[in-house]
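**Q** Coordinates in run20.tsv, TSV, C-alpha atoms and all ligand atoms, are listed below.
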```tsv
chain	number	residue	atom	x	y	z
A	17	MET	CA	-19.72	3.31	-31.09
A	18	ASN	CA	-21.12	-0.17	-30.69
A	19	ASP	CA	-20.47	-1.33	-27.14
A	20	PRO	CA	-20.89	-5.11	-26.88
A	21	LEU	CA	-19.92	-5.37	-23.25
A	22	SER	CA	-22.10	-2.54	-22.07
A	23	MET	CA	-24.91	-3.41	-19.70
A	24	ASN	CA	-28.65	-2.98	-20.04
A	25	ASP	CA	-31.26	-0.60	-18.69
A	26	GLU	CA	-31.53	-2.42	-15.37
A	27	ASP	CA	-27.99	-1.47	-14.49
A	28	VAL	CA	-27.17	0.90	-11.69
A	29	ASP	CA	-25.92	4.40	-12.51
A	30	ALA	CA	-22.27	4.69	-11.53
A	31	TYR	CA	-22.68	7.85	-9.47
A	32	LYS	CA	-25.30	6.10	-7.30
A	33	PHE	CA	-23.15	3.01	-6.89
A	34	PHE	CA	-19.96	4.90	-6.06
A	35	GLY	CA	-21.88	7.38	-3.90
A	36	MET	CA	-22.97	4.51	-1.64
A	37	GLY	CA	-19.33	3.65	-0.99
A	38	ALA	CA	-18.01	7.23	-0.92
A	39	LYS	CA	-16.90	7.12	2.73
A	40	ASN	CA	-14.57	4.18	2.11
A	41	TYR	CA	-13.62	4.93	-1.50
A	42	GLY	CA	-10.27	6.47	-0.50
A	43	GLU	CA	-9.14	3.22	1.18
A	44	GLN	CA	-8.06	1.74	-2.14
A	45	TYR	CA	-5.52	4.55	-2.38
A	46	GLN	CA	-3.94	3.66	0.92
A	47	ALA	CA	-3.07	-0.02	0.70
A	48	ASN	CA	0.52	-0.76	-0.23
A	49	ASP	CA	0.15	-4.46	0.35
A	50	LEU	CA	0.14	-6.37	-2.95
A	51	ALA	CA	-1.72	-9.23	-1.30
A	52	LYS	CA	-4.66	-6.88	-0.70
A	53	LEU	CA	-4.78	-4.47	-3.60
A	54	TYR	CA	-3.05	-3.81	-6.88
A	55	PRO	CA	-1.89	-0.17	-7.01
A	56	GLU	CA	-3.11	0.58	-10.55
A	57	HIS	CA	-4.11	4.08	-9.43
A	58	VAL	CA	-0.42	4.84	-8.77
A	59	PHE	CA	0.55	3.93	-12.34
A	60	ARG	CA	-2.44	5.82	-13.70
A	61	LEU	CA	-1.67	8.97	-11.73
A	62	LYS	CA	1.95	8.88	-12.90
A	63	ILE	CA	0.76	8.90	-16.52
A	64	PHE	CA	-1.52	11.90	-15.85
A	65	LEU	CA	1.17	13.81	-13.95
A	66	ASN	CA	3.77	13.21	-16.69
A	67	LEU	CA	1.38	14.50	-19.36
A	68	LEU	CA	0.34	17.51	-17.27
A	69	SER	CA	3.96	18.37	-16.60
A	70	ALA	CA	4.58	18.57	-20.36
A	71	ILE	CA	1.35	20.54	-20.99
A	72	GLN	CA	1.45	22.96	-18.01
A	73	PRO	CA	-2.26	23.86	-18.26
A	74	ASP	CA	-3.48	27.23	-16.97
A	75	ARG	CA	-6.69	25.86	-15.53
A	76	MET	CA	-7.85	22.25	-15.40
A	77	LEU	CA	-11.05	20.38	-14.57
A	78	ASP	CA	-11.32	16.83	-13.17
A	79	ILE	CA	-14.59	15.22	-14.29
A	80	GLY	CA	-16.03	12.58	-11.95
A	81	CYS	CA	-13.44	13.49	-9.32
A	82	GLY	CA	-14.78	10.96	-6.78
A	83	CYS	CA	-13.49	11.46	-3.25
A	84	GLY	CA	-10.90	13.91	-4.57
A	85	LEU	CA	-7.59	12.12	-4.11
A	86	PRO	CA	-6.39	12.65	-7.73
A	87	LEU	CA	-7.64	16.27	-7.51
A	88	LEU	CA	-5.59	16.73	-4.34
A	89	ALA	CA	-2.53	15.34	-6.15
A	90	PHE	CA	-3.03	17.85	-8.99
A	91	LEU	CA	-3.37	20.74	-6.54
A	92	ARG	CA	-0.31	19.63	-4.61
A	93	GLU	CA	1.65	19.67	-7.88
A	94	GLY	CA	0.66	23.31	-8.23
A	95	TYR	CA	-2.03	23.00	-10.92
A	96	ASN	CA	-5.01	25.32	-10.83
A	97	ALA	CA	-7.51	22.47	-10.67
A	98	ASP	CA	-11.23	22.15	-9.98
A	99	GLY	CA	-13.36	19.03	-9.97
A	100	PHE	CA	-16.95	17.96	-10.21
A	101	ASP	CA	-18.90	14.82	-9.47
A	102	TYR	CA	-22.58	13.92	-9.65
A	103	SER	CA	-22.63	12.11	-6.32
A	104	ASN	CA	-23.34	14.35	-3.31
A	105	GLU	CA	-21.56	11.87	-1.05
A	106	MET	CA	-18.39	12.02	-3.18
A	107	ILE	CA	-18.54	15.83	-3.24
A	108	GLU	CA	-18.80	15.88	0.54
A	109	GLN	CA	-15.74	13.60	0.80
A	110	THR	CA	-13.77	15.85	-1.56
A	111	LYS	CA	-14.75	18.99	0.35
A	112	GLN	CA	-13.54	17.42	3.60
A	113	LEU	CA	-10.32	16.32	1.96
A	114	LEU	CA	-9.64	19.79	0.54
A	115	LEU	CA	-10.46	21.46	3.86
A	116	SER	CA	-8.18	19.13	5.79
A	117	ASN	CA	-5.38	20.07	3.39
A	118	ASP	CA	-5.99	23.81	3.74
A	119	LEU	CA	-7.40	23.99	0.23
A	120	ASP	CA	-10.55	25.72	-0.97
A	121	PRO	CA	-13.55	23.33	-0.79
A	122	ALA	CA	-15.25	25.43	-3.47
A	123	ARG	CA	-12.90	23.77	-5.95
A	124	VAL	CA	-15.37	20.87	-6.08
A	125	SER	CA	-18.96	21.19	-7.22
A	126	ARG	CA	-21.87	19.10	-8.40
A	127	ASN	CA	-22.35	18.54	-12.11
A	128	ASN	CA	-23.44	15.76	-14.41
A	129	MET	CA	-20.93	14.82	-17.09
A	130	GLU	CA	-23.85	13.80	-19.30
A	131	LYS	CA	-25.34	17.29	-19.10
A	132	ILE	CA	-22.66	19.69	-17.98
A	133	GLU	CA	-24.04	23.04	-16.81
A	134	GLY	CA	-22.63	26.39	-15.71
A	135	ILE	CA	-19.14	26.14	-17.19
A	136	SER	CA	-18.18	28.70	-19.84
A	137	PRO	CA	-16.50	27.34	-22.97
A	138	GLY	CA	-12.77	28.08	-22.85
A	139	PHE	CA	-12.67	28.51	-19.06
A	140	TYR	CA	-10.53	25.37	-18.74
A	141	ASP	CA	-7.72	24.61	-21.18
A	142	CYS	CA	-7.35	21.03	-19.91
A	143	ILE	CA	-10.01	18.51	-18.89
A	144	VAL	CA	-9.23	15.17	-17.27
A	145	GLY	CA	-11.31	12.15	-16.31
A	146	LEU	CA	-9.88	9.33	-14.22
A	147	GLY	CA	-12.03	6.22	-14.17
A	148	SER	CA	-15.18	8.20	-14.84
A	149	LEU	CA	-15.97	8.84	-18.52
A	150	TYR	CA	-16.78	5.23	-19.38
A	151	TYR	CA	-19.68	5.32	-16.95
A	152	SER	CA	-21.56	7.76	-19.17
A	153	ARG	CA	-24.73	6.26	-20.59
A	154	ASN	CA	-24.44	8.61	-23.54
A	155	PHE	CA	-20.73	8.42	-24.11
A	156	SER	CA	-20.35	10.17	-27.49
A	157	ALA	CA	-22.59	13.08	-26.40
A	158	THR	CA	-20.50	13.42	-23.23
A	159	ILE	CA	-17.27	13.56	-25.24
A	160	SER	CA	-18.81	16.17	-27.58
A	161	GLN	CA	-19.87	18.33	-24.64
A	162	ILE	CA	-16.35	18.18	-23.24
A	163	SER	CA	-15.01	19.19	-26.65
A	164	ASP	CA	-17.40	22.18	-26.67
A	165	LEU	CA	-15.93	23.34	-23.35
A	166	LEU	CA	-12.32	23.32	-24.53
A	167	PRO	CA	-10.60	25.97	-26.66
A	168	LYS	CA	-8.84	24.94	-29.85
A	169	GLY	CA	-5.56	23.29	-28.81
A	170	GLY	CA	-7.02	22.37	-25.38
A	171	ASP	CA	-6.06	19.02	-23.86
A	172	PHE	CA	-8.35	16.19	-22.88
A	173	ILE	CA	-6.81	13.32	-20.90
A	174	PHE	CA	-8.99	10.42	-19.78
A	175	SER	CA	-8.81	6.77	-18.88
A	176	LEU	CA	-10.79	4.03	-20.60
A	177	ARG	CA	-11.27	0.31	-20.11
A	178	ASN	CA	-9.41	-1.77	-22.68
A	179	GLU	CA	-11.67	-3.95	-24.78
A	180	LEU	CA	-8.69	-5.77	-26.34
A	181	PHE	CA	-7.74	-7.11	-22.90
A	182	SER	CA	-10.63	-9.54	-23.52
A	183	LEU	CA	-8.34	-11.48	-25.84
A	184	PHE	CA	-5.82	-12.07	-23.06
A	185	SER	CA	-8.24	-12.51	-20.16
A	186	GLN	CA	-9.44	-15.94	-21.34
A	187	ASN	CA	-12.82	-15.69	-19.66
A	188	SER	CA	-16.39	-14.79	-20.54
A	189	TYR	CA	-15.17	-11.45	-21.94
A	190	THR	CA	-13.11	-13.42	-24.46
A	191	SER	CA	-16.12	-15.32	-25.79
A	192	ASP	CA	-18.14	-12.09	-25.87
A	193	PHE	CA	-15.40	-10.42	-27.91
A	194	PHE	CA	-15.24	-13.36	-30.32
A	195	LEU	CA	-19.02	-13.49	-30.69
A	196	LYS	CA	-19.79	-9.79	-30.87
A	197	LYS	CA	-16.69	-8.23	-32.41
A	198	LEU	CA	-14.84	-10.81	-34.50
A	199	ILE	CA	-17.11	-13.62	-35.73
A	200	PRO	CA	-20.11	-12.70	-37.92
A	201	SER	CA	-22.34	-14.52	-35.41
A	202	THR	CA	-25.67	-13.20	-36.69
A	203	SER	CA	-25.01	-14.74	-40.13
A	204	LEU	CA	-24.34	-18.25	-38.83
A	205	THR	CA	-26.80	-21.06	-39.33
A	206	PRO	CA	-28.53	-22.09	-36.06
A	207	GLY	CA	-26.66	-25.41	-35.84
A	208	LEU	CA	-23.25	-23.79	-36.23
A	209	LYS	CA	-24.20	-21.04	-33.81
A	210	THR	CA	-25.03	-23.62	-31.12
A	211	ARG	CA	-21.78	-25.55	-31.70
A	212	LEU	CA	-19.80	-22.32	-31.62
A	213	ALA	CA	-21.44	-21.25	-28.35
A	214	SER	CA	-20.58	-24.55	-26.72
A	215	PHE	CA	-17.01	-24.42	-28.18
A	216	LEU	CA	-16.46	-20.97	-26.67
A	217	ASP	CA	-18.10	-21.94	-23.41
A	218	ASP	CA	-15.74	-24.93	-23.06
A	219	LYS	CA	-12.72	-22.75	-23.69
A	220	PHE	CA	-13.60	-19.65	-21.73
A	221	SER	CA	-16.13	-20.35	-19.00
A	222	LEU	CA	-14.97	-19.21	-15.58
A	223	SER	CA	-13.69	-21.75	-13.09
A	224	THR	CA	-15.70	-22.23	-9.90
A	225	ALA	CA	-12.81	-20.66	-7.99
A	226	THR	CA	-13.01	-17.45	-10.00
A	227	LYS	CA	-16.79	-17.25	-9.77
A	228	LYS	CA	-16.45	-16.76	-6.01
A	229	PHE	CA	-14.93	-13.32	-6.57
A	230	LEU	CA	-17.46	-10.69	-7.44
A	231	THR	CA	-15.88	-8.20	-9.81
A	232	ILE	CA	-17.09	-4.65	-10.18
A	233	ASP	CA	-18.70	-5.62	-13.51
A	234	GLU	CA	-20.83	-8.26	-11.86
A	235	GLN	CA	-22.30	-5.60	-9.64
A	236	LYS	CA	-24.18	-4.34	-12.69
A	237	ILE	CA	-22.90	-0.83	-12.97
A	238	PHE	CA	-23.40	0.61	-16.41
A	239	SER	CA	-19.97	0.95	-18.06
A	240	LEU	CA	-18.26	0.78	-21.46
A	241	TYR	CA	-15.11	-0.72	-22.96
A	242	HIS	CA	-13.08	0.77	-25.80
A	243	ASN	CA	-10.66	-0.49	-28.38
A	244	PRO	CA	-7.38	1.45	-28.39
A	245	LEU	CA	-6.97	0.69	-32.09
A	246	THR	CA	-10.19	2.45	-33.02
A	247	VAL	CA	-10.56	5.07	-30.30
A	248	GLU	CA	-9.30	7.85	-32.55
A	249	LYS	CA	-11.77	7.09	-35.32
A	250	ASP	CA	-14.74	6.14	-33.11
A	251	VAL	CA	-14.43	8.47	-30.14
A	252	LEU	CA	-12.10	11.39	-30.82
A	253	ALA	CA	-12.49	12.44	-34.46
A	254	PRO	CA	-16.33	12.76	-34.33
A	255	ALA	CA	-15.94	15.20	-31.41
A	256	GLY	CA	-13.18	17.27	-33.03
A	257	PHE	CA	-10.22	15.77	-31.17
A	258	ALA	CA	-6.91	14.44	-32.50
A	259	LEU	CA	-5.10	11.63	-30.75
A	260	LYS	CA	-1.78	12.62	-29.16
A	261	GLY	CA	-1.02	9.39	-27.33
A	262	ILE	CA	-2.25	6.20	-25.67
A	263	TYR	CA	-0.73	4.97	-22.41
A	264	TYR	CA	-1.45	1.56	-20.91
A	265	TYR	CA	-1.74	0.68	-17.22
A	266	HIS	CA	-3.06	-2.05	-14.92
A	267	TYR	CA	-1.12	-4.83	-16.57
A	268	HIS	CA	-1.96	-8.45	-15.93
A	269	ALA	CA	1.12	-10.67	-16.22
A	270	LEU	CA	-1.19	-13.70	-16.49
A	271	PRO	CA	-4.88	-14.14	-17.27
A	272	PRO	CA	-6.86	-12.67	-14.32
A	273	GLU	CA	-7.94	-16.08	-13.01
A	274	PHE	CA	-4.40	-16.53	-11.63
A	275	GLU	CA	-4.76	-13.43	-9.51
A	276	HIS	CA	-7.06	-15.43	-7.23
A	277	SER	CA	-4.82	-18.47	-6.84
A	278	ASP	CA	-1.36	-16.82	-6.97
A	279	THR	CA	-2.13	-13.32	-5.78
A	280	GLU	CA	1.25	-12.00	-4.68
A	281	GLU	CA	3.26	-13.48	-7.53
A	282	PHE	CA	0.64	-12.32	-10.02
A	283	ARG	CA	0.72	-8.76	-8.74
A	284	ARG	CA	4.51	-8.58	-8.31
A	285	LEU	CA	5.01	-9.71	-11.92
A	286	SER	CA	2.28	-7.39	-13.15
A	287	CYS	CA	3.95	-4.42	-11.45
A	288	GLU	CA	7.14	-5.27	-13.34
A	289	PHE	CA	5.16	-5.06	-16.58
A	290	GLU	CA	3.85	-1.55	-15.95
A	291	ASN	CA	5.21	0.46	-18.83
A	292	PRO	CA	2.69	2.85	-20.45
A	293	THR	CA	4.15	2.52	-23.94
A	294	ASP	CA	4.90	-1.23	-24.13
A	295	TRP	CA	3.01	-2.75	-27.10
A	296	ARG	CA	1.95	-5.64	-24.84
A	297	GLY	CA	-0.20	-3.20	-22.93
A	298	MET	CA	-2.62	-3.31	-25.83
A	299	PHE	CA	-3.54	-6.86	-24.73
A	300	MET	CA	-2.28	-7.31	-21.18
A	301	SER	CA	-3.48	-4.09	-19.58
A	302	SER	CA	-7.10	-3.65	-18.60
A	303	SER	CA	-7.02	0.16	-18.92
A	304	PHE	CA	-5.44	2.92	-20.91
A	305	VAL	CA	-5.14	6.69	-20.84
A	306	VAL	CA	-5.99	8.70	-23.92
A	307	HIS	CA	-4.37	12.07	-24.52
A	308	ALA	CA	-6.33	14.07	-27.09
A	309	VAL	CA	-6.10	17.63	-28.34
A	310	LYS	CA	-8.98	19.69	-29.65
A	311	THR	CA	-8.42	20.49	-33.29
A	312	GLU	CA	-11.48	22.48	-34.37
A	401	LIG	C1	-14.57	4.99	-10.29
A	401	LIG	S1	-14.97	6.54	-9.61
A	401	LIG	C2	-13.48	7.47	-9.95
A	401	LIG	C3	-13.30	8.62	-9.03
A	401	LIG	C4	-12.01	9.43	-9.20
A	401	LIG	N1	-11.92	10.02	-10.52
A	401	LIG	C5	-10.83	8.57	-8.93
A	401	LIG	O1	-10.15	8.15	-9.87
A	401	LIG	O2	-10.57	8.29	-7.75
A	401	LIG	C6	-16.13	7.20	-10.79
A	401	LIG	C7	-16.69	8.53	-10.37
A	401	LIG	O3	-17.48	9.04	-11.44
A	401	LIG	C8	-18.62	9.66	-10.87
A	401	LIG	N2	-19.70	9.76	-11.85
A	401	LIG	C9	-20.44	8.76	-12.36
A	401	LIG	N3	-21.37	9.24	-13.21
A	401	LIG	C10	-21.20	10.58	-13.23
A	401	LIG	C11	-21.86	11.63	-13.93
A	401	LIG	N4	-22.88	11.37	-14.74
A	401	LIG	N5	-21.41	12.89	-13.75
A	401	LIG	C12	-20.38	13.15	-12.91
A	401	LIG	N6	-19.73	12.20	-12.21
A	401	LIG	C13	-20.13	10.91	-12.37
A	401	LIG	C14	-18.97	8.77	-9.70
A	401	LIG	O4	-19.82	9.39	-8.76
A	401	LIG	C15	-17.59	8.44	-9.15
A	401	LIG	O5	-17.20	9.36	-8.18
```
Let me see the structure of the file written as structure tokens.
Ligand SMILES: C[S@@+](CC[C@H](N)C(=O)[O-])C[C@H]1O[C@@H](n2cnc3c(N)ncnc32)[C@H](O)[C@@H]1O
**A**
Amino acid sequence: MNDPLSMNDEDVDAYKFFGMGAKNYGEQYQANDLAKLYPEHVFRLKIFLNLLSAIQPDRMLDIGCGCGLPLLAFLREGYNADGFDYSNEMIEQTKQLLLSNDLDPARVSRNNMEKIEGISPGFYDCIVGLGSLYYSRNFSATISQISDLLPKGGDFIFSLRNELFSLFSQNSYTSDFFLKKLIPSTSLTPGLKTRLASFLDDKFSLSTATKKFLTIDEQKIFSLYHNPLTVEKDVLAPAGFALKGIYYYHYHALPPEFEHSDTEEFRRLSCEFENPTDWRGMFMSSSFVVHAVKTE
């Protein structure tokens, strides 16, 4: 798939970036204060747990399990779950977390989602990825490898970043989406191209206030965005998956710029929006969960 908002070769690999912050990664799961953090992980986990409860997998694998908090939640729910990550620091955090909860630290191991080794096809009947798959530099090959590991009828549940949110965000992502996905920019005459660029810049350039806040994207980690309208055709079908459902989370009740000026109100209203199947999620949520089933 063509990924207009993906970064370039100078970007940092996600496992290196997240590995550097592994010790403190779990903190985002602890804050309940809306003024400090938005609890999108709570809404995301609920979606995963609801789907798993309907599926009741025999054995599941969490790809890019990070410091292991979602893995711990799966184990606490009684699922036979293992996880892997490519960052040694994250693996160490997960091992500690499992040990401190009287769980087997061998449930986490090191593996690279872009070149998965040592797992027999069919060993897991359900594979999940929370906030990890879109960091793959070779996304379609990664999805195909995951498909190869699952038996026919196996479930694959993973979160993606919502490219259509660009239309609601009213910032540089909006102009990028217009220029790279909607308008036939490469066919425009140079004069029109220049006027268009300045038109979009006027409408969507970030305010000075917003520029003060460094987002995760500005830290130059390689990552991808996906369109929920085309994910079945572009991502799933080529790897032998059928789409079972799409579930939206991390709603933004207003364009993100307002989160900086009106933090609590912004987040309180956004929480009220959180409904995984509301059509508005297609535009107002920055992430979505895909539930796919292997067909071949
Ligand atoms: C945003 S964190 C999410 C962690 C965890 N799934 C969660 O939701 O808390 C992304 C994770 O993907 C891992 N990761 C990145 N590239 C990877 C790769 N090639 N193979 C395995 N894990 C990878 C990172 O090390 C990091 O732990």
**Q** Find the residue from A:Asp98, A:Glu130, A:Glu288, A:Asp164 that sits nearest to ligand LIG 401 (chain A); use all atoms listed in the file when measuring.
**A** A:Glu130
**Q** List as a PDB file with C-alpha atoms, in the frame of the given file the protein and nucleic acid residues lying within 7 Å of ligand LIG 401 (chain A), with all atoms listed in the file counted.
**A**
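Okay, this is what ended up in part-v6.pdb:
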```pdb
ATOM      1  CA  ASP A  29     -25.920   4.400 -12.510  1.00  0.00           C
ATOM      2  CA  ALA A  30     -22.270   4.690 -11.530  1.00  0.00           C
ATOM      3  CA  TYR A  31     -22.680   7.850  -9.470  1.00  0.00           C
ATOM      4  CA  LYS A  32     -25.300   6.100  -7.300  1.00  0.00           C
ATOM      5  CA  PHE A  34     -19.960   4.900  -6.060  1.00  0.00           C
ATOM      6  CA  GLY A  35     -21.880   7.380  -3.900  1.00  0.00           C
ATOM      7  CA  ILE A  79     -14.590  15.220 -14.290  1.00  0.00           C
ATOM      8  CA  GLY A  80     -16.030  12.580 -11.950  1.00  0.00           C
ATOM      9  CA  CYS A  81     -13.440  13.490  -9.320  1.00  0.00           C
ATOM     10  CA  GLY A  82     -14.780  10.960  -6.780  1.00  0.00           C
ATOM     11  CA  CYS A  83     -13.490  11.460  -3.250  1.00  0.00           C
ATOM     12  CA  GLY A  84     -10.900  13.910  -4.570  1.00  0.00           C
ATOM     13  CA  LEU A  85      -7.590  12.120  -4.110  1.00  0.00           C
ATOM     14  CA  PRO A  86      -6.390  12.650  -7.730  1.00  0.00           C
ATOM     15  CA  PHE A 100     -16.950  17.960 -10.210  1.00  0.00           C
ATOM     16  CA  ASP A 101     -18.900  14.820  -9.470  1.00  0.00           C
ATOM     17  CA  TYR A 102     -22.580  13.920  -9.650  1.00  0.00           C
ATOM     18  CA  SER A 103     -22.630  12.110  -6.320  1.00  0.00           C
ATOM     19  CA  MET A 106     -18.390  12.020  -3.180  1.00  0.00           C
ATOM     20  CA  ASN A 127     -22.350  18.540 -12.110  1.00  0.00           C
ATOM     21  CA  ASN A 128     -23.440  15.760 -14.410  1.00  0.00           C
ATOM     22  CA  MET A 129     -20.930  14.820 -17.090  1.00  0.00           C
ATOM     23  CA  GLU A 130     -23.850  13.800 -19.300  1.00  0.00           C
ATOM     24  CA  GLY A 145     -11.310  12.150 -16.310  1.00  0.00           C
ATOM     25  CA  LEU A 146      -9.880   9.330 -14.220  1.00  0.00           C
ATOM     26  CA  GLY A 147     -12.030   6.220 -14.170  1.00  0.00           C
ATOM     27  CA  SER A 148     -15.180   8.200 -14.840  1.00  0.00           C
ATOM     28  CA  TYR A 151     -19.680   5.320 -16.950  1.00  0.00           C
ATOM     29  CA  SER A 152     -21.560   7.760 -19.170  1.00  0.00           C
TER      30      SER A 152
END
```
**Q** Which is closest to A:Leu53 among A:Phe282, A:Phe194, A:Tyr265, A:Phe155, if we use only C-alpha atoms?
**A**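 Using only C-alpha atoms, A:Leu53 sits closest to A:Phe282.
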**Q** Return the single residue from A:Phe220, A:Phe304, A:Phe289, A:Tyr54 that is closest to A:Phe193, with distances computed using only C-alpha atoms.
**A**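 The shortest atom-to-atom distance to A:Phe193 comes from A:Phe220.
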**Q** Around all listed atoms of stretch 184-188 of chain A, padded 3 Å per side, what centre and edge lengths does the axis-aligned box have in Å to one decimal, as AutoDock Vina command-line options?
**A**
```
--center_x -11.1 --center_y -14.0 --center_z -21.4 --size_x 16.6 --size_y 9.9 --size_z 9.4
```
**Q** Report as a list in words all protein, DNA and RNA residues lying within 10 Å of A:Thr190, evaluated on all atoms listed in the file, omitting residues in the same chain fewer than 6 positions from it.
**A**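 The filter keeps Glu179, Leu180, Phe181, Ser182, Leu183, Phe184, Lys196, Leu216, Asp217, Lys219, Phe220 and Ser221 of chain A.
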**Q** Go through A:Val28, A:Ile237, A:Cys287, A:Leu166 and flag the residue nearest A:Gly256, using only C-alpha atoms for the distances.
**A** A:Leu166
**Q** So how far away is atom CA of A:Gln109 from atom CA of A:Met36, in Å?
**A**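 Distance between the two atoms: 11.9 Å.
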**Q** What is the distance between atom CA of A:Gly169 and atom CA of A:Asn154, in Å to one decimal?
**A**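 Between atom CA of A:Gly169 and atom CA of A:Asn154 the gap is 24.5 Å.
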**Q** Neighbouring residues of A:Glu93 were defined as those with any atom within 9 Å, considering only C-alpha atoms; residues of the same chain fewer than 4 positions away were excluded. Please report them as a tab-separated table (two decimals) with C-alpha atoms, in the coordinates of the input.
**A**
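Result went into part.tsv, see below:
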```
chain	number	residue	atom	x	y	z
A	65	LEU	CA	1.17	13.81	-13.95
A	88	LEU	CA	-5.59	16.73	-4.34
A	89	ALA	CA	-2.53	15.34	-6.15
```
**Q** Could you state the separation of atom CA of A:Leu245 and atom CA of A:Lys131 in Å, given to one decimal place?
**A**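 Distance reported for this atom pair: 28.0 Å.
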**Q** Could you check which of A:Ser175, A:Ser214, A:Ser203, A:Ser185 is closest to A:Leu61, using only C-alpha atoms?
**A**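 So, comparing all the options, the nearest one is A:Ser175.
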**Q** Which residue gives the smallest distance to A:Asp120 among A:Gly99, A:Gly170, A:Pro292, A:Pro271, with all atoms listed in the file counted?
**A** A:Gly99
